[in-house]
There are 2 protein chains.
Amino acid sequence: MARYLTEPDAGDVKFTEVMRALADPVRLRMLAVLADGEYHPCWPEEFLVGVHKSTLSHHFRVLREAGITRTRLEGRNYFIQLRKEEVDARFPGLLDAVLNGAREPEPTDT
Amino acid sequence: MARYLTEPDAGDVKFTEVMRALADPVRLRMLAVLADGEYHPCWPEEFLVGVHKSTLSHHFRVLREAGITRTRLEGRNYFIQLRKEEVDARFPGLLDAVLNGAREPEPTDT
DNA sequence: CCAACTGTTTGATGATCGTCATACTAGGGA
DNA sequence: TCCCTAGTATGACGATCATCAAACAGTTGG
């Protein structure tokens, strides 16, 4: 019934690619929403802040192909979750540090 | 006598910019060499693996402007160190997680 | 004072990336 | 069966980036 979009094996993930996937403000926002580890119906309004839906789809693909998220398709609904345990196993502490950093308020650059 | 190249204040560092600075294989290699926290004369051979010296200079500038490293100039010699305590204070655990991840062997993608 | 050395700066080039618009595909309801 | 819905795929455009080459600037040694 449920179908999963193609994703890399946990061991095939390259660190540089993970870092690049995490180095984007929009994707960091997505990650913050996904941080509680639960599935979310797509796309909740938190994601859609001035970003086109195809752009969002692109960002989710980047995260998925970097091995950071998993996308499950049930009927017409897409559910996305963090692959937290797997990322933690390969890169301990990275996800938590990034999630904390992403939550930090950015300094105002004036 | 010693002169320091301009660097941002610890509080002015934007997380996204830090992540972007860390999302490059060459800069991750540099970081791994700098990881023991000591100054290093520039450029040790570990850095110069098929990278032009101006490219290296560019990468060091990126790291410095992201607030990750400090560059000290003494006479003709440049010394670079990680601003570990400052980065740790603002983004706890990030640097260690990244350093560990950078040390991990990359999977062979064949 | 001049030459050699170290690393920076500038300019150019090719590649990658984020974004949007449009077209496309698949599932579910009437 | 037909259409609506939800997200994907493709193509294009502008911006950013990594890289190199060449010119430049500061320092030391003769």
# chains A, B, ... in the order shown; residues from 1 in each chain; ligands from 1
call {"tool": "calpha_fit_and_write", "arguments": {"fixed": "chain A", "moving": "chain B", "output": "mmCIF file with N, CA and C atoms, in the first residue's frame"}}
result
data_model
loop_
_atom_site.group_PDB
_atom_site.id
_atom_site.type_symbol
_atom_site.label_atom_id
_atom_site.label_comp_id
_atom_site.auth_asym_id
_atom_site.auth_seq_id
_atom_site.Cartn_x
_atom_site.Cartn_y
_atom_site.Cartn_z
ATOM 1 N N MET B 1 0.744 -1.102 0.113
ATOM 2 C CA MET B 1 -0.071 0.117 0.076
ATOM 3 C C MET B 1 0.819 1.353 0.077
ATOM 4 N N ALA B 2 1.561 1.498 1.183
ATOM 5 C CA ALA B 2 2.452 2.657 1.248
ATOM 6 C C ALA B 2 3.686 2.413 0.392
ATOM 7 N N ARG B 3 4.157 3.478 -0.203
ATOM 8 C CA ARG B 3 5.320 3.374 -1.080
ATOM 9 C C ARG B 3 6.389 4.338 -0.572
ATOM 10 N N TYR B 4 7.656 3.953 -0.720
ATOM 11 C CA TYR B 4 8.735 4.830 -0.256
ATOM 12 C C TYR B 4 9.523 5.350 -1.454
ATOM 13 N N LEU B 5 9.779 6.618 -1.462
ATOM 14 C CA LEU B 5 10.620 7.175 -2.515
ATOM 15 C C LEU B 5 12.053 6.686 -2.324
ATOM 16 N N THR B 6 12.753 6.539 -3.414
ATOM 17 C CA THR B 6 14.101 5.975 -3.365
ATOM 18 C C THR B 6 15.018 6.842 -2.512
ATOM 19 N N GLU B 7 15.815 6.168 -1.696
ATOM 20 C CA GLU B 7 16.726 6.857 -0.779
ATOM 21 C C GLU B 7 18.009 6.052 -0.703
ATOM 22 N N PRO B 8 19.121 6.692 -0.364
ATOM 23 C CA PRO B 8 20.389 5.965 -0.294
ATOM 24 C C PRO B 8 20.459 5.104 0.958
ATOM 25 N N ASP B 9 21.288 4.062 0.904
ATOM 26 C CA ASP B 9 21.555 3.279 2.112
ATOM 27 C C ASP B 9 22.293 4.155 3.111
ATOM 28 N N ALA B 10 22.140 3.816 4.374
ATOM 29 C CA ALA B 10 22.749 4.633 5.419
ATOM 30 C C ALA B 10 24.266 4.706 5.265
ATOM 31 N N GLY B 11 24.873 3.637 4.806
ATOM 32 C CA GLY B 11 26.326 3.622 4.703
ATOM 33 C C GLY B 11 26.870 4.336 3.480
ATOM 34 N N ASP B 12 26.010 4.608 2.513
ATOM 35 C CA ASP B 12 26.469 5.229 1.268
ATOM 36 C C ASP B 12 26.514 6.746 1.329
ATOM 37 N N VAL B 13 26.163 7.295 2.471
ATOM 38 C CA VAL B 13 26.053 8.742 2.558
ATOM 39 C C VAL B 13 27.425 9.383 2.698
ATOM 40 N N LYS B 14 27.709 10.361 1.859
ATOM 41 C CA LYS B 14 28.974 11.079 1.953
ATOM 42 C C LYS B 14 28.823 12.301 2.847
ATOM 43 N N PHE B 15 29.804 12.478 3.682
ATOM 44 C CA PHE B 15 29.707 13.555 4.668
ATOM 45 C C PHE B 15 29.591 14.928 4.005
ATOM 46 N N THR B 16 30.385 15.157 3.000
ATOM 47 C CA THR B 16 30.335 16.454 2.327
ATOM 48 C C THR B 16 28.950 16.730 1.762
ATOM 49 N N GLU B 17 28.333 15.682 1.230
ATOM 50 C CA GLU B 17 27.005 15.868 0.663
ATOM 51 C C GLU B 17 25.979 16.180 1.747
ATOM 52 N N VAL B 18 26.122 15.513 2.888
ATOM 53 C CA VAL B 18 25.249 15.816 4.024
ATOM 54 C C VAL B 18 25.411 17.271 4.436
ATOM 55 N N MET B 19 26.646 17.703 4.545
ATOM 56 C CA MET B 19 26.906 19.090 4.946
ATOM 57 C C MET B 19 26.322 20.067 3.936
ATOM 58 N N ARG B 20 26.486 19.757 2.673
ATOM 59 C CA ARG B 20 25.946 20.659 1.666
ATOM 60 C C ARG B 20 24.422 20.703 1.747
ATOM 61 N N ALA B 21 23.824 19.545 2.010
ATOM 62 C CA ALA B 21 22.371 19.511 2.126
ATOM 63 C C ALA B 21 21.895 20.339 3.315
ATOM 64 N N LEU B 22 22.733 20.402 4.345
ATOM 65 C CA LEU B 22 22.343 21.124 5.557
ATOM 66 C C LEU B 22 22.724 22.601 5.503
ATOM 67 N N ALA B 23 23.371 23.022 4.453
ATOM 68 C CA ALA B 23 23.885 24.387 4.379
ATOM 69 C C ALA B 23 22.961 25.293 3.583
ATOM 70 N N ASP B 24 21.677 25.153 3.792
ATOM 71 C CA ASP B 24 20.713 26.000 3.090
ATOM 72 C C ASP B 24 19.626 26.431 4.066
ATOM 73 N N PRO B 25 19.294 27.717 4.076
ATOM 74 C CA PRO B 25 18.335 28.216 5.068
ATOM 75 C C PRO B 25 16.961 27.575 4.963
ATOM 76 N N VAL B 26 16.493 27.341 3.751
ATOM 77 C CA VAL B 26 15.175 26.723 3.604
ATOM 78 C C VAL B 26 15.186 25.304 4.142
ATOM 79 N N ARG B 27 16.213 24.564 3.808
ATOM 80 C CA ARG B 27 16.262 23.173 4.274
ATOM 81 C C ARG B 27 16.462 23.112 5.781
ATOM 82 N N LEU B 28 17.161 24.069 6.343
ATOM 83 C CA LEU B 28 17.305 24.095 7.801
ATOM 84 C C LEU B 28 15.961 24.348 8.462
ATOM 85 N N ARG B 29 15.152 25.190 7.840
ATOM 86 C CA ARG B 29 13.816 25.435 8.382
ATOM 87 C C ARG B 29 12.985 24.163 8.342
ATOM 88 N N MET B 30 13.080 23.461 7.223
ATOM 89 C CA MET B 30 12.361 22.181 7.111
ATOM 90 C C MET B 30 12.806 21.238 8.210
ATOM 91 N N LEU B 31 14.102 21.148 8.387
ATOM 92 C CA LEU B 31 14.668 20.260 9.388
ATOM 93 C C LEU B 31 14.142 20.587 10.782
ATOM 94 N N ALA B 32 14.033 21.876 11.062
ATOM 95 C CA ALA B 32 13.556 22.275 12.377
ATOM 96 C C ALA B 32 12.126 21.798 12.595
ATOM 97 N N VAL B 33 11.320 21.842 11.546
ATOM 98 C CA VAL B 33 9.938 21.377 11.670
ATOM 99 C C VAL B 33 9.897 19.864 11.844
ATOM 100 N N LEU B 34 10.785 19.190 11.157
ATOM 101 C CA LEU B 34 10.824 17.724 11.217
ATOM 102 C C LEU B 34 11.512 17.209 12.476
ATOM 103 N N ALA B 35 12.033 18.134 13.275
ATOM 104 C CA ALA B 35 12.956 17.739 14.338
ATOM 105 C C ALA B 35 12.327 16.860 15.400
ATOM 106 N N ASP B 36 11.013 16.946 15.594
ATOM 107 C CA ASP B 36 10.411 16.147 16.653
ATOM 108 C C ASP B 36 10.293 14.679 16.256
ATOM 109 N N GLY B 37 10.698 14.370 15.039
ATOM 110 C CA GLY B 37 10.796 12.973 14.654
ATOM 111 C C GLY B 37 9.511 12.365 14.125
ATOM 112 N N GLU B 38 8.443 13.150 14.113
ATOM 113 C CA GLU B 38 7.185 12.588 13.646
ATOM 114 C C GLU B 38 6.991 12.819 12.158
ATOM 115 N N TYR B 39 6.121 12.056 11.609
ATOM 116 C CA TYR B 39 5.733 12.290 10.228
ATOM 117 C C TYR B 39 4.925 13.582 10.146
ATOM 118 N N HIS B 40 5.007 14.224 9.016
ATOM 119 C CA HIS B 40 4.222 15.430 8.822
ATOM 120 C C HIS B 40 3.519 15.351 7.476
ATOM 121 N N PRO B 41 2.249 15.708 7.446
ATOM 122 C CA PRO B 41 1.607 15.780 6.136
ATOM 123 C C PRO B 41 2.211 16.930 5.359
ATOM 124 N N CYS B 42 2.279 16.766 4.067
ATOM 125 C CA CYS B 42 2.915 17.775 3.225
ATOM 126 C C CYS B 42 1.850 18.580 2.492
ATOM 127 N N TRP B 43 2.075 19.830 2.323
ATOM 128 C CA TRP B 43 3.105 20.626 2.993
ATOM 129 C C TRP B 43 2.449 21.469 4.055
ATOM 130 N N PRO B 44 2.836 21.318 5.285
ATOM 131 C CA PRO B 44 2.276 22.188 6.313
ATOM 132 C C PRO B 44 2.681 23.631 6.063
ATOM 133 N N GLU B 45 1.922 24.516 6.659
ATOM 134 C CA GLU B 45 2.133 25.925 6.352
ATOM 135 C C GLU B 45 3.502 26.435 6.793
ATOM 136 N N GLU B 46 4.090 25.773 7.794
ATOM 137 C CA GLU B 46 5.412 26.225 8.238
ATOM 138 C C GLU B 46 6.416 26.216 7.087
ATOM 139 N N PHE B 47 6.238 25.282 6.170
ATOM 140 C CA PHE B 47 7.171 25.184 5.060
ATOM 141 C C PHE B 47 6.931 26.276 4.027
ATOM 142 N N LEU B 48 5.671 26.529 3.779
ATOM 143 C CA LEU B 48 5.306 27.360 2.639
ATOM 144 C C LEU B 48 5.367 28.838 2.960
ATOM 145 N N VAL B 49 6.527 29.337 3.204
ATOM 146 C CA VAL B 49 6.676 30.762 3.459
ATOM 147 C C VAL B 49 7.392 31.396 2.285
ATOM 148 N N GLY B 50 6.615 31.728 1.268
ATOM 149 C CA GLY B 50 7.192 32.386 0.109
ATOM 150 C C GLY B 50 8.064 31.492 -0.744
ATOM 151 N N VAL B 51 7.820 30.199 -0.689
ATOM 152 C CA VAL B 51 8.596 29.272 -1.506
ATOM 153 C C VAL B 51 7.644 28.489 -2.410
ATOM 154 N N HIS B 52 7.980 28.418 -3.648
ATOM 155 C CA HIS B 52 7.144 27.703 -4.599
ATOM 156 C C HIS B 52 7.113 26.222 -4.276
ATOM 157 N N LYS B 53 6.021 25.559 -4.618
ATOM 158 C CA LYS B 53 5.886 24.153 -4.243
ATOM 159 C C LYS B 53 6.908 23.273 -4.946
ATOM 160 N N SER B 54 7.273 23.623 -6.164
ATOM 161 C CA SER B 54 8.294 22.821 -6.844
ATOM 162 C C SER B 54 9.670 23.034 -6.219
ATOM 163 N N THR B 55 9.900 24.224 -5.715
ATOM 164 C CA THR B 55 11.157 24.484 -4.991
ATOM 165 C C THR B 55 11.221 23.627 -3.736
ATOM 166 N N LEU B 56 10.099 23.577 -3.039
ATOM 167 C CA LEU B 56 10.023 22.752 -1.846
ATOM 168 C C LEU B 56 10.280 21.287 -2.189
ATOM 169 N N SER B 57 9.673 20.836 -3.230
ATOM 170 C CA SER B 57 9.865 19.458 -3.662
ATOM 171 C C SER B 57 11.347 19.192 -3.956
ATOM 172 N N HIS B 58 11.977 20.169 -4.579
ATOM 173 C CA HIS B 58 13.412 20.051 -4.855
ATOM 174 C C HIS B 58 14.225 19.913 -3.568
ATOM 175 N N HIS B 59 13.901 20.740 -2.576
ATOM 176 C CA HIS B 59 14.652 20.697 -1.325
ATOM 177 C C HIS B 59 14.455 19.366 -0.607
ATOM 178 N N PHE B 60 13.234 18.854 -0.655
ATOM 179 C CA PHE B 60 12.995 17.562 -0.023
ATOM 180 C C PHE B 60 13.759 16.462 -0.735
ATOM 181 N N ARG B 61 13.899 16.606 -2.021
ATOM 182 C CA ARG B 61 14.678 15.626 -2.746
ATOM 183 C C ARG B 61 16.152 15.671 -2.327
ATOM 184 N N VAL B 62 16.672 16.873 -2.170
ATOM 185 C CA VAL B 62 18.066 17.012 -1.738
ATOM 186 C C VAL B 62 18.278 16.354 -0.380
ATOM 187 N N LEU B 63 17.366 16.638 0.545
ATOM 188 C CA LEU B 63 17.488 16.045 1.878
ATOM 189 C C LEU B 63 17.382 14.520 1.796
ATOM 190 N N ARG B 64 16.452 14.054 0.991
ATOM 191 C CA ARG B 64 16.255 12.602 0.888
ATOM 192 C C ARG B 64 17.479 11.936 0.270
ATOM 193 N N GLU B 65 18.020 12.534 -0.797
ATOM 194 C CA GLU B 65 19.170 11.926 -1.472
ATOM 195 C C GLU B 65 20.445 12.042 -0.644
ATOM 196 N N ALA B 66 20.447 12.929 0.327
ATOM 197 C CA ALA B 66 21.586 13.000 1.240
ATOM 198 C C ALA B 66 21.413 12.019 2.391
ATOM 199 N N GLY B 67 20.309 11.292 2.390
ATOM 200 C CA GLY B 67 20.095 10.291 3.428
ATOM 201 C C GLY B 67 19.592 10.853 4.737
ATOM 202 N N ILE B 68 19.105 12.089 4.703
ATOM 203 C CA ILE B 68 18.700 12.738 5.940
ATOM 204 C C ILE B 68 17.230 12.507 6.255
ATOM 205 N N THR B 69 16.416 12.401 5.219
ATOM 206 C CA THR B 69 14.981 12.180 5.438
ATOM 207 C C THR B 69 14.499 10.975 4.642
ATOM 208 N N ARG B 70 13.339 10.506 5.039
ATOM 209 C CA ARG B 70 12.674 9.425 4.323
ATOM 210 C C ARG B 70 11.286 9.918 3.928
ATOM 211 N N THR B 71 10.869 9.622 2.734
ATOM 212 C CA THR B 71 9.566 10.075 2.253
ATOM 213 C C THR B 71 8.681 8.878 1.947
ATOM 214 N N ARG B 72 7.527 8.864 2.590
ATOM 215 C CA ARG B 72 6.581 7.774 2.421
ATOM 216 C C ARG B 72 5.352 8.323 1.713
ATOM 217 N N LEU B 73 4.838 7.572 0.756
ATOM 218 C CA LEU B 73 3.671 8.015 -0.007
ATOM 219 C C LEU B 73 2.505 7.094 0.282
ATOM 220 N N GLU B 74 1.445 7.674 0.812
ATOM 221 C CA GLU B 74 0.231 6.900 1.066
ATOM 222 C C GLU B 74 -0.910 7.558 0.321
ATOM 223 N N GLY B 75 -1.341 6.929 -0.703
ATOM 224 C CA GLY B 75 -2.391 7.542 -1.508
ATOM 225 C C GLY B 75 -1.915 8.862 -2.066
ATOM 226 N N ARG B 76 -2.632 9.920 -1.739
ATOM 227 C CA ARG B 76 -2.231 11.234 -2.234
ATOM 228 C C ARG B 76 -1.365 11.987 -1.241
ATOM 229 N N ASN B 77 -1.119 11.386 -0.112
ATOM 230 C CA ASN B 77 -0.418 12.105 0.953
ATOM 231 C C ASN B 77 1.033 11.666 1.088
ATOM 232 N N TYR B 78 1.909 12.651 1.206
ATOM 233 C CA TYR B 78 3.331 12.392 1.418
ATOM 234 C C TYR B 78 3.670 12.639 2.884
ATOM 235 N N PHE B 79 4.415 11.715 3.450
ATOM 236 C CA PHE B 79 4.856 11.864 4.839
ATOM 237 C C PHE B 79 6.374 11.818 4.865
ATOM 238 N N ILE B 80 6.935 12.724 5.617
ATOM 239 C CA ILE B 80 8.396 12.827 5.658
ATOM 240 C C ILE B 80 8.873 12.722 7.088
ATOM 241 N N GLN B 81 9.945 11.975 7.285
ATOM 242 C CA GLN B 81 10.513 11.902 8.627
ATOM 243 C C GLN B 81 12.027 11.986 8.532
ATOM 244 N N LEU B 82 12.615 12.405 9.630
ATOM 245 C CA LEU B 82 14.063 12.400 9.752
ATOM 246 C C LEU B 82 14.546 10.963 9.916
ATOM 247 N N ARG B 83 15.666 10.642 9.295
ATOM 248 C CA ARG B 83 16.291 9.339 9.534
ATOM 249 C C ARG B 83 17.311 9.531 10.656
ATOM 250 N N LYS B 84 16.799 9.945 11.793
ATOM 251 C CA LYS B 84 17.676 10.429 12.852
ATOM 252 C C LYS B 84 18.650 9.369 13.349
ATOM 253 N N GLU B 85 18.131 8.178 13.657
ATOM 254 C CA GLU B 85 18.996 7.146 14.221
ATOM 255 C C GLU B 85 20.118 6.802 13.248
ATOM 256 N N GLU B 86 19.770 6.729 11.981
ATOM 257 C CA GLU B 86 20.776 6.328 10.998
ATOM 258 C C GLU B 86 21.846 7.400 10.825
ATOM 259 N N VAL B 87 21.412 8.654 10.762
ATOM 260 C CA VAL B 87 22.388 9.738 10.640
ATOM 261 C C VAL B 87 23.234 9.820 11.908
ATOM 262 N N ASP B 88 22.567 9.663 13.055
ATOM 263 C CA ASP B 88 23.300 9.691 14.323
ATOM 264 C C ASP B 88 24.339 8.581 14.396
ATOM 265 N N ALA B 89 23.977 7.409 13.868
ATOM 266 C CA ALA B 89 24.900 6.286 13.934
ATOM 267 C C ALA B 89 26.155 6.572 13.119
ATOM 268 N N ARG B 90 25.971 7.248 12.006
ATOM 269 C CA ARG B 90 27.113 7.477 11.116
ATOM 270 C C ARG B 90 27.861 8.760 11.472
ATOM 271 N N PHE B 91 27.121 9.783 11.874
ATOM 272 C CA PHE B 91 27.736 11.073 12.210
ATOM 273 C C PHE B 91 27.226 11.543 13.565
ATOM 274 N N PRO B 92 27.764 10.982 14.625
ATOM 275 C CA PRO B 92 27.214 11.232 15.971
ATOM 276 C C PRO B 92 27.253 12.717 16.334
ATOM 277 N N GLY B 93 26.143 13.187 16.841
ATOM 278 C CA GLY B 93 26.089 14.554 17.330
ATOM 279 C C GLY B 93 25.828 15.594 16.270
ATOM 280 N N LEU B 94 25.978 15.230 15.019
ATOM 281 C CA LEU B 94 25.853 16.231 13.960
ATOM 282 C C LEU B 94 24.450 16.815 13.899
ATOM 283 N N LEU B 95 23.467 15.922 13.838
ATOM 284 C CA LEU B 95 22.095 16.384 13.653
ATOM 285 C C LEU B 95 21.636 17.252 14.817
ATOM 286 N N ASP B 96 21.964 16.844 16.026
ATOM 287 C CA ASP B 96 21.562 17.642 17.183
ATOM 288 C C ASP B 96 22.219 19.013 17.165
ATOM 289 N N ALA B 97 23.501 19.030 16.853
ATOM 290 C CA ALA B 97 24.211 20.312 16.816
ATOM 291 C C ALA B 97 23.605 21.220 15.751
ATOM 292 N N VAL B 98 23.289 20.648 14.604
ATOM 293 C CA VAL B 98 22.737 21.449 13.514
ATOM 294 C C VAL B 98 21.325 21.931 13.865
ATOM 295 N N LEU B 99 20.548 21.038 14.464
ATOM 296 C CA LEU B 99 19.198 21.435 14.842
ATOM 297 C C LEU B 99 19.229 22.560 15.863
ATOM 298 N N ASN B 100 20.135 22.458 16.806
ATOM 299 C CA ASN B 100 20.268 23.538 17.787
ATOM 300 C C ASN B 100 20.716 24.832 17.127
ATOM 301 N N GLY B 101 21.700 24.716 16.256
ATOM 302 C CA GLY B 101 22.190 25.907 15.565
ATOM 303 C C GLY B 101 21.118 26.547 14.706
ATOM 304 N N ALA B 102 20.310 25.723 14.069
ATOM 305 C CA ALA B 102 19.250 26.249 13.211
ATOM 306 C C ALA B 102 18.177 26.949 14.030
ATOM 307 N N ARG B 103 18.034 26.530 15.262
ATOM 308 C CA ARG B 103 17.040 27.157 16.129
ATOM 309 C C ARG B 103 17.526 28.483 16.687
ATOM 310 N N GLU B 104 18.854 28.643 16.763
ATOM 311 C CA GLU B 104 19.426 29.907 17.253
ATOM 312 C C GLU B 104 18.932 31.073 16.416
ATOM 313 N N PRO B 105 18.637 32.178 17.063
ATOM 314 C CA PRO B 105 18.266 33.358 16.284
ATOM 315 C C PRO B 105 19.473 33.894 15.533
ATOM 316 N N GLU B 106 19.273 34.212 14.272
ATOM 317 C CA GLU B 106 20.363 34.775 13.467
ATOM 318 C C GLU B 106 20.609 36.217 13.896
ATOM 319 N N PRO B 107 21.865 36.619 13.917
ATOM 320 C CA PRO B 107 22.138 38.023 14.245
ATOM 321 C C PRO B 107 21.638 38.939 13.139
ATOM 322 N N THR B 108 21.186 40.091 13.553
ATOM 323 C CA THR B 108 20.740 41.071 12.553
ATOM 324 C C THR B 108 21.958 41.787 12.006
ATOM 325 N N ASP B 109 22.148 41.712 10.714
ATOM 326 C CA ASP B 109 23.368 42.251 10.109
ATOM 327 C C ASP B 109 23.170 43.679 9.594
ATOM 328 N N THR B 110 23.054 44.606 10.500
ATOM 329 C CA THR B 110 22.931 45.998 10.068
ATOM 330 C C THR B 110 24.057 46.833 10.650
#
call {"tool": "interface_residues", "arguments": {"of": "chain C", "to": "chain A", "cutoff": "9 Å", "atoms": "only C-alpha atoms (C1' of nucleotides)", "output": "list in words"}}
result
DG18, DT19, DC20, DA26, DG27 and DG28 of chain C
call {"tool": "atom_distance", "arguments": {"atom1": "C1' of DA22 (chain D)", "atom2": "C1' of DA3 (chain C)"}}
result
19.6 Å
call {"tool": "interface_residues", "arguments": {"of": "chain D", "to": "chain B", "cutoff": "12 Å", "atoms": "only C-alpha atoms (C1' of nucleotides)", "output": "JSON, numbers by chain"}}
result
{"D": [16, 17, 18, 19, 20, 21, 22, 25, 26, 27, 28]}
call {"tool": "write_last_selection", "arguments": {"atoms": "N, CA and C atoms (P, O5', C5', C4', C3', O3' and C1' of nucleotides)", "output": "PDB file, in the first residue's frame"}}
result
ATOM      1  P    DT D  16      24.528  36.579  -5.460  1.00  0.00           P
ATOM      2  O5'  DT D  16      25.373  35.276  -5.104  1.00  0.00           O
ATOM      3  C5'  DT D  16      24.699  34.131  -4.609  1.00  0.00           C
ATOM      4  C4'  DT D  16      25.581  32.900  -4.749  1.00  0.00           C
ATOM      5  C3'  DT D  16      27.015  33.100  -4.225  1.00  0.00           C
ATOM      6  O3'  DT D  16      27.234  32.160  -3.181  1.00  0.00           O
ATOM      7  C1'  DT D  16      27.000  32.016  -6.340  1.00  0.00           C
ATOM      8  P    DC D  17      28.636  32.127  -2.435  1.00  0.00           P
ATOM      9  O5'  DC D  17      29.441  31.000  -3.229  1.00  0.00           O
ATOM     10  C5'  DC D  17      28.806  29.755  -3.488  1.00  0.00           C
ATOM     11  C4'  DC D  17      29.763  28.836  -4.236  1.00  0.00           C
ATOM     12  C3'  DC D  17      31.214  28.951  -3.764  1.00  0.00           C
ATOM     13  O3'  DC D  17      31.731  27.657  -3.532  1.00  0.00           O
ATOM     14  C1'  DC D  17      31.079  29.223  -6.114  1.00  0.00           C
ATOM     15  P    DA D  18      33.076  27.533  -2.651  1.00  0.00           P
ATOM     16  O5'  DA D  18      34.049  26.702  -3.604  1.00  0.00           O
ATOM     17  C5'  DA D  18      33.549  25.584  -4.308  1.00  0.00           C
ATOM     18  C4'  DA D  18      34.504  25.205  -5.428  1.00  0.00           C
ATOM     19  C3'  DA D  18      35.982  25.231  -5.048  1.00  0.00           C
ATOM     20  O3'  DA D  18      36.633  24.109  -5.618  1.00  0.00           O
ATOM     21  C1'  DA D  18      35.585  26.726  -6.850  1.00  0.00           C
ATOM     22  P    DT D  19      38.153  23.803  -5.255  1.00  0.00           P
ATOM     23  O5'  DT D  19      38.957  24.373  -6.501  1.00  0.00           O
ATOM     24  C5'  DT D  19      38.641  23.935  -7.806  1.00  0.00           C
ATOM     25  C4'  DT D  19      39.249  24.848  -8.847  1.00  0.00           C
ATOM     26  C3'  DT D  19      40.700  25.241  -8.608  1.00  0.00           C
ATOM     27  O3'  DT D  19      41.563  24.354  -9.297  1.00  0.00           O
ATOM     28  C1'  DT D  19      39.387  27.019  -9.524  1.00  0.00           C
ATOM     29  P    DC D  20      43.165  24.454  -9.054  1.00  0.00           P
ATOM     30  O5'  DC D  20      43.625  25.506 -10.161  1.00  0.00           O
ATOM     31  C5'  DC D  20      43.240  25.301 -11.510  1.00  0.00           C
ATOM     32  C4'  DC D  20      43.503  26.560 -12.311  1.00  0.00           C
ATOM     33  C3'  DC D  20      44.946  27.057 -12.242  1.00  0.00           C
ATOM     34  O3'  DC D  20      45.481  27.115 -13.550  1.00  0.00           O
ATOM     35  C1'  DC D  20      43.398  28.839 -11.861  1.00  0.00           C
ATOM     36  P    DA D  21      47.076  27.272 -13.742  1.00  0.00           P
ATOM     37  O5'  DA D  21      47.225  28.766 -14.266  1.00  0.00           O
ATOM     38  C5'  DA D  21      46.303  29.252 -15.220  1.00  0.00           C
ATOM     39  C4'  DA D  21      46.456  30.764 -15.371  1.00  0.00           C
ATOM     40  C3'  DA D  21      47.902  31.262 -15.263  1.00  0.00           C
ATOM     41  O3'  DA D  21      48.149  32.166 -16.318  1.00  0.00           O
ATOM     42  C1'  DA D  21      46.521  32.400 -13.703  1.00  0.00           C
ATOM     43  P    DA D  22      49.625  32.677 -16.618  1.00  0.00           P
ATOM     44  O5'  DA D  22      49.616  34.193 -16.139  1.00  0.00           O
ATOM     45  C5'  DA D  22      48.491  35.012 -16.452  1.00  0.00           C
ATOM     46  C4'  DA D  22      48.493  36.244 -15.562  1.00  0.00           C
ATOM     47  C3'  DA D  22      49.887  36.844 -15.323  1.00  0.00           C
ATOM     48  O3'  DA D  22      49.842  38.235 -15.560  1.00  0.00           O
ATOM     49  C1'  DA D  22      48.761  36.527 -13.278  1.00  0.00           C
ATOM     50  P    DA D  25      50.703  46.891  -5.154  1.00  0.00           P
ATOM     51  O5'  DA D  25      50.960  46.056  -3.830  1.00  0.00           O
ATOM     52  C5'  DA D  25      49.862  45.621  -3.044  1.00  0.00           C
ATOM     53  C4'  DA D  25      50.374  45.056  -1.723  1.00  0.00           C
ATOM     54  C3'  DA D  25      51.461  45.902  -1.050  1.00  0.00           C
ATOM     55  O3'  DA D  25      51.269  45.873   0.352  1.00  0.00           O
ATOM     56  C1'  DA D  25      52.306  43.758  -1.511  1.00  0.00           C
ATOM     57  P    DG D  26      51.984  46.968   1.281  1.00  0.00           P
ATOM     58  O5'  DG D  26      52.782  46.048   2.312  1.00  0.00           O
ATOM     59  C5'  DG D  26      52.070  45.060   3.049  1.00  0.00           C
ATOM     60  C4'  DG D  26      53.030  43.994   3.557  1.00  0.00           C
ATOM     61  C3'  DG D  26      54.244  44.556   4.313  1.00  0.00           C
ATOM     62  O3'  DG D  26      54.440  43.769   5.472  1.00  0.00           O
ATOM     63  C1'  DG D  26      54.959  43.120   2.595  1.00  0.00           C
ATOM     64  P    DT D  27      55.441  44.292   6.645  1.00  0.00           P
ATOM     65  O5'  DT D  27      56.593  43.203   6.563  1.00  0.00           O
ATOM     66  C5'  DT D  27      56.242  41.824   6.637  1.00  0.00           C
ATOM     67  C4'  DT D  27      57.464  40.955   6.348  1.00  0.00           C
ATOM     68  C3'  DT D  27      58.746  41.404   7.046  1.00  0.00           C
ATOM     69  O3'  DT D  27      59.303  40.295   7.726  1.00  0.00           O
ATOM     70  C1'  DT D  27      59.142  41.030   4.752  1.00  0.00           C
ATOM     71  P    DT D  28      60.430  40.536   8.868  1.00  0.00           P
ATOM     72  O5'  DT D  28      61.634  39.709   8.254  1.00  0.00           O
ATOM     73  C5'  DT D  28      61.405  38.374   7.802  1.00  0.00           C
ATOM     74  C4'  DT D  28      62.490  37.976   6.802  1.00  0.00           C
ATOM     75  C3'  DT D  28      63.916  38.201   7.300  1.00  0.00           C
ATOM     76  O3'  DT D  28      64.635  36.986   7.177  1.00  0.00           O
ATOM     77  C1'  DT D  28      63.623  39.114   5.123  1.00  0.00           C
TER      78       DT D  28
END
call {"tool": "atom_distance", "arguments": {"atom1": "C1' of DT10 (chain C)", "atom2": "C1' of DA23 (chain D)"}}
result
8.2 Å
call {"tool": "select_by_dssp", "arguments": {"residues": "region 5-108 of chain A", "states": "alpha helix (DSSP H)", "output": "PyMOL selection string"}}
result
chain A and resi 15-22+25-34+53-65+84-90+94-103
call {"tool": "atom_distance", "arguments": {"atom1": "C1' of DT16 (chain C)", "atom2": "C1' of DC13 (chain D)"}}
result
13.6 Å
call {"tool": "select_by_dssp", "arguments": {"residues": "chain B", "states": "strand (DSSP E)", "output": "list in words"}}
result
Arg3, Tyr4, His40, Pro41, Thr69, Arg70, Thr71, Arg72, Leu73, Glu74, Asn77, Tyr78, Phe79, Ile80, Gln81 and Leu82 of chain B
